[in-house]
file structure-v3.cif (mmCIF, C-alpha atoms)
data_start
loop_
_atom_site.group_PDB
_atom_site.id
_atom_site.type_symbol
_atom_site.label_atom_id
_atom_site.label_comp_id
_atom_site.auth_asym_id
_atom_site.auth_seq_id
_atom_site.Cartn_x
_atom_site.Cartn_y
_atom_site.Cartn_z
ATOM 1 C CA MET A 1 -31.712 -36.144 -18.116
ATOM 2 C CA LYS A 2 -30.388 -33.862 -15.354
ATOM 3 C CA LYS A 3 -31.109 -34.739 -11.744
ATOM 4 C CA VAL A 4 -31.175 -32.649 -8.597
ATOM 5 C CA LYS A 5 -29.939 -34.287 -5.413
ATOM 6 C CA PHE A 6 -30.533 -32.725 -1.996
ATOM 7 C CA ILE A 7 -28.057 -33.748 0.658
ATOM 8 C CA ARG A 8 -28.244 -32.777 4.281
ATOM 9 C CA HIS A 9 -25.108 -31.407 5.893
ATOM 10 C CA SER A 10 -22.931 -33.710 7.989
ATOM 11 C CA LYS A 11 -23.335 -34.156 11.714
ATOM 12 C CA LEU A 12 -21.205 -31.989 13.992
ATOM 13 C CA GLU A 13 -18.244 -33.255 15.965
ATOM 14 C CA HIS A 14 -18.614 -34.199 19.628
ATOM 15 C CA PRO A 15 -19.973 -32.693 21.921
ATOM 16 C CA TYR A 16 -22.309 -30.955 19.450
ATOM 17 C CA ASP A 17 -23.478 -34.153 17.713
ATOM 18 C CA ASP A 18 -26.487 -34.698 20.011
ATOM 19 C CA TYR A 19 -28.824 -31.695 20.188
ATOM 20 C CA SER A 20 -30.778 -33.218 23.075
ATOM 21 C CA LEU A 21 -27.736 -32.811 25.343
ATOM 22 C CA LEU A 22 -26.990 -29.174 24.477
ATOM 23 C CA SER A 23 -27.781 -26.224 26.703
ATOM 24 C CA PHE A 24 -29.858 -23.330 25.426
ATOM 25 C CA GLY A 25 -26.671 -21.242 25.097
ATOM 26 C CA GLU A 26 -24.973 -23.914 23.001
ATOM 27 C CA SER A 27 -28.026 -24.370 20.757
ATOM 28 C CA SER A 28 -28.324 -20.616 20.365
ATOM 29 C CA GLY A 29 -24.606 -20.303 19.606
ATOM 30 C CA LEU A 30 -24.858 -22.947 16.881
ATOM 31 C CA ALA A 31 -27.916 -21.274 15.340
ATOM 32 C CA THR A 32 -26.230 -17.847 15.216
ATOM 33 C CA ASP A 33 -22.736 -19.063 14.198
ATOM 34 C CA ARG A 34 -21.146 -17.924 17.474
ATOM 35 C CA ILE A 35 -20.158 -21.589 17.920
ATOM 36 C CA THR A 36 -18.776 -23.169 14.732
ATOM 37 C CA PRO A 37 -17.525 -26.709 15.358
ATOM 38 C CA ASN A 38 -16.214 -28.902 12.568
ATOM 39 C CA ILE A 39 -18.171 -31.706 10.986
ATOM 40 C CA HIS A 40 -18.018 -35.155 12.540
ATOM 41 C CA PRO A 41 -14.760 -37.060 11.837
ATOM 42 C CA GLU A 42 -16.796 -40.005 10.500
ATOM 43 C CA SER A 43 -18.551 -37.821 7.879
ATOM 44 C CA GLN A 44 -16.728 -39.403 4.948
ATOM 45 C CA LYS A 45 -17.809 -42.900 5.996
ATOM 46 C CA MET A 46 -21.400 -41.684 6.524
ATOM 47 C CA LEU A 47 -21.547 -40.056 3.073
ATOM 48 C CA LEU A 48 -20.168 -43.155 1.365
ATOM 49 C CA GLY A 49 -22.670 -45.304 3.233
ATOM 50 C CA ASN A 50 -25.581 -43.150 2.061
ATOM 51 C CA TYR A 51 -24.531 -42.364 -1.508
ATOM 52 C CA GLY A 52 -21.525 -44.349 -2.678
ATOM 53 C CA GLU A 53 -18.446 -43.121 -4.487
ATOM 54 C CA LYS A 54 -19.912 -43.428 -8.000
ATOM 55 C CA GLU A 55 -22.914 -41.250 -7.158
ATOM 56 C CA LEU A 56 -20.746 -38.605 -5.467
ATOM 57 C CA LYS A 57 -18.516 -38.464 -8.564
ATOM 58 C CA SER A 58 -21.548 -37.814 -10.761
ATOM 59 C CA PHE A 59 -22.168 -34.339 -9.301
ATOM 60 C CA ASP A 60 -21.685 -31.452 -11.736
ATOM 61 C CA LEU A 61 -22.521 -28.592 -9.388
ATOM 62 C CA ILE A 62 -22.802 -28.059 -5.640
ATOM 63 C CA LEU A 63 -24.904 -25.249 -4.194
ATOM 64 C CA CYS A 64 -24.874 -24.739 -0.445
ATOM 65 C CA SER A 65 -25.631 -22.175 2.217
ATOM 66 C CA GLN A 66 -22.983 -19.990 3.836
ATOM 67 C CA SER A 67 -22.866 -22.016 7.050
ATOM 68 C CA ASN A 68 -19.567 -23.561 8.099
ATOM 69 C CA ARG A 69 -21.046 -27.077 8.285
ATOM 70 C CA THR A 70 -22.566 -27.034 4.793
ATOM 71 C CA ARG A 71 -19.355 -25.669 3.277
ATOM 72 C CA GLN A 72 -17.263 -28.330 5.039
ATOM 73 C CA THR A 73 -19.638 -31.036 3.793
ATOM 74 C CA ALA A 74 -19.480 -29.688 0.222
ATOM 75 C CA ARG A 75 -15.649 -29.589 0.306
ATOM 76 C CA LEU A 76 -15.582 -33.164 1.629
ATOM 77 C CA ILE A 77 -17.823 -34.333 -1.233
ATOM 78 C CA LEU A 78 -15.530 -32.658 -3.771
ATOM 79 C CA LYS A 79 -12.476 -34.238 -2.154
ATOM 80 C CA MET A 80 -14.079 -37.683 -2.174
ATOM 81 C CA ALA A 81 -15.184 -37.253 -5.803
ATOM 82 C CA ASN A 82 -11.737 -35.915 -6.755
ATOM 83 C CA LYS A 83 -13.381 -33.001 -8.553
ATOM 84 C CA ASN A 84 -12.501 -29.344 -8.767
ATOM 85 C CA LEU A 85 -15.946 -27.744 -8.884
ATOM 86 C CA GLU A 86 -16.775 -24.301 -7.616
ATOM 87 C CA ILE A 87 -18.968 -24.255 -4.528
#
call {"tool": "encode", "arguments": {"input": "structure-v3.cif", "output": "structure tokens"}}
result
Amino acid sequence: MKKVKFIRHSKLEHPYDDYSLLSFGESSGLATDRITPNIHPESQKMLLGNYGEKELKSFDLILCSQSNRTRQTARLILKMANKNLEI
């Protein structure tokens, strides 16, 4: 049986990792892609902690939005799973 797994994108790198500390301009810039920081450097460890290598390798297809953060997270999952799937 096929399964669908929904995964939230990774956290952003510092100083954008805590929304409560961001100014309105920074929050607005993130929401409109005027500010496009990378995902958090610990994202790989966080993904493995939540899903495990075996589960990540079981993915057959990854669908994601156009945002920089979701694309970076999807590429990281493919790298960790050692798969060459189209995103």
call {"tool": "resolve_selection", "arguments": {"input": "structure-v3.cif", "expression": "the PyMOL selection byres ((chain A and resi 57) around 10)", "output": "list of chain:residue names"}}
result
A:Gly52, A:Glu53, A:Lys54, A:Glu55, A:Leu56, A:Ser58, A:Phe59, A:Asp60, A:Ile77, A:Leu78, A:Lys79, A:Met80, A:Ala81, A:Asn82, A:Lys83
call {"tool": "write_last_selection", "arguments": {"input": "structure-v3.cif", "atoms": "C-alpha atoms", "output": "compact mmCIF listing (two decimals), in the coordinates of the input"}}
result
# COMPACT_ATOMS: atom_id res chain seq x y z
CA GLY A 52 -21.52 -44.35 -2.68
CA GLU A 53 -18.45 -43.12 -4.49
CA LYS A 54 -19.91 -43.43 -8.00
CA GLU A 55 -22.91 -41.25 -7.16
CA LEU A 56 -20.75 -38.60 -5.47
CA SER A 58 -21.55 -37.81 -10.76
CA PHE A 59 -22.17 -34.34 -9.30
CA ASP A 60 -21.68 -31.45 -11.74
CA ILE A 77 -17.82 -34.33 -1.23
CA LEU A 78 -15.53 -32.66 -3.77
CA LYS A 79 -12.48 -34.24 -2.15
CA MET A 80 -14.08 -37.68 -2.17
CA ALA A 81 -15.18 -37.25 -5.80
CA ASN A 82 -11.74 -35.92 -6.76
CA LYS A 83 -13.38 -33.00 -8.55
call {"tool": "residues_around", "arguments": {"input": "structure-v3.cif", "residues": "A:Ser10", "least_positions_apart": "3", "cutoff": "12 Å", "atoms": "all atoms listed in the file", "output": "compact mmCIF listing (two decimals) with C-alpha atoms, keeping the file's coordinate frame"}}
result
# COMPACT_ATOMS: atom_id res chain seq x y z
CA ILE A 7 -28.06 -33.75 0.66
CA GLU A 13 -18.24 -33.26 15.96
CA TYR A 16 -22.31 -30.96 19.45
CA ASP A 17 -23.48 -34.15 17.71
CA PRO A 37 -17.52 -26.71 15.36
CA ASN A 38 -16.21 -28.90 12.57
CA ILE A 39 -18.17 -31.71 10.99
CA HIS A 40 -18.02 -35.16 12.54
CA PRO A 41 -14.76 -37.06 11.84
CA GLU A 42 -16.80 -40.01 10.50
CA SER A 43 -18.55 -37.82 7.88
CA GLN A 44 -16.73 -39.40 4.95
CA LYS A 45 -17.81 -42.90 6.00
CA MET A 46 -21.40 -41.68 6.52
CA LEU A 47 -21.55 -40.06 3.07
CA LEU A 48 -20.17 -43.16 1.36
CA ASN A 50 -25.58 -43.15 2.06
CA SER A 67 -22.87 -22.02 7.05
CA ASN A 68 -19.57 -23.56 8.10
CA ARG A 69 -21.05 -27.08 8.28
CA THR A 70 -22.57 -27.03 4.79
CA ARG A 71 -19.36 -25.67 3.28
CA GLN A 72 -17.26 -28.33 5.04
CA THR A 73 -19.64 -31.04 3.79
CA ALA A 74 -19.48 -29.69 0.22
CA ARG A 75 -15.65 -29.59 0.31
CA LEU A 76 -15.58 -33.16 1.63
CA ILE A 77 -17.82 -34.33 -1.23
call {"tool": "atom_distance", "arguments": {"input": "structure-v3.cif", "atom1": "atom CA of A:Ser27", "atom2": "atom CA of A:Tyr51"}}
result
28.8 Å
call {"tool": "closest_residue", "arguments": {"input": "structure-v3.cif", "among": "A:Leu12, A:Leu30, A:Phe6, A:Cys64", "to": "A:Glu86", "atoms": "all atoms listed in the file"}}
result
A:Cys64
call {"tool": "atom_distance", "arguments": {"input": "structure-v3.cif", "atom1": "atom CA of A:Ser65", "atom2": "atom CA of A:Met1"}}
result
25.4 Å
call {"tool": "closest_residue", "arguments": {"input": "structure-v3.cif", "among": "A:Ile87, A:Gly49, A:Ser28, A:Leu61", "to": "A:Lys2", "atoms": "only C-alpha atoms"}}
result
A:Leu61
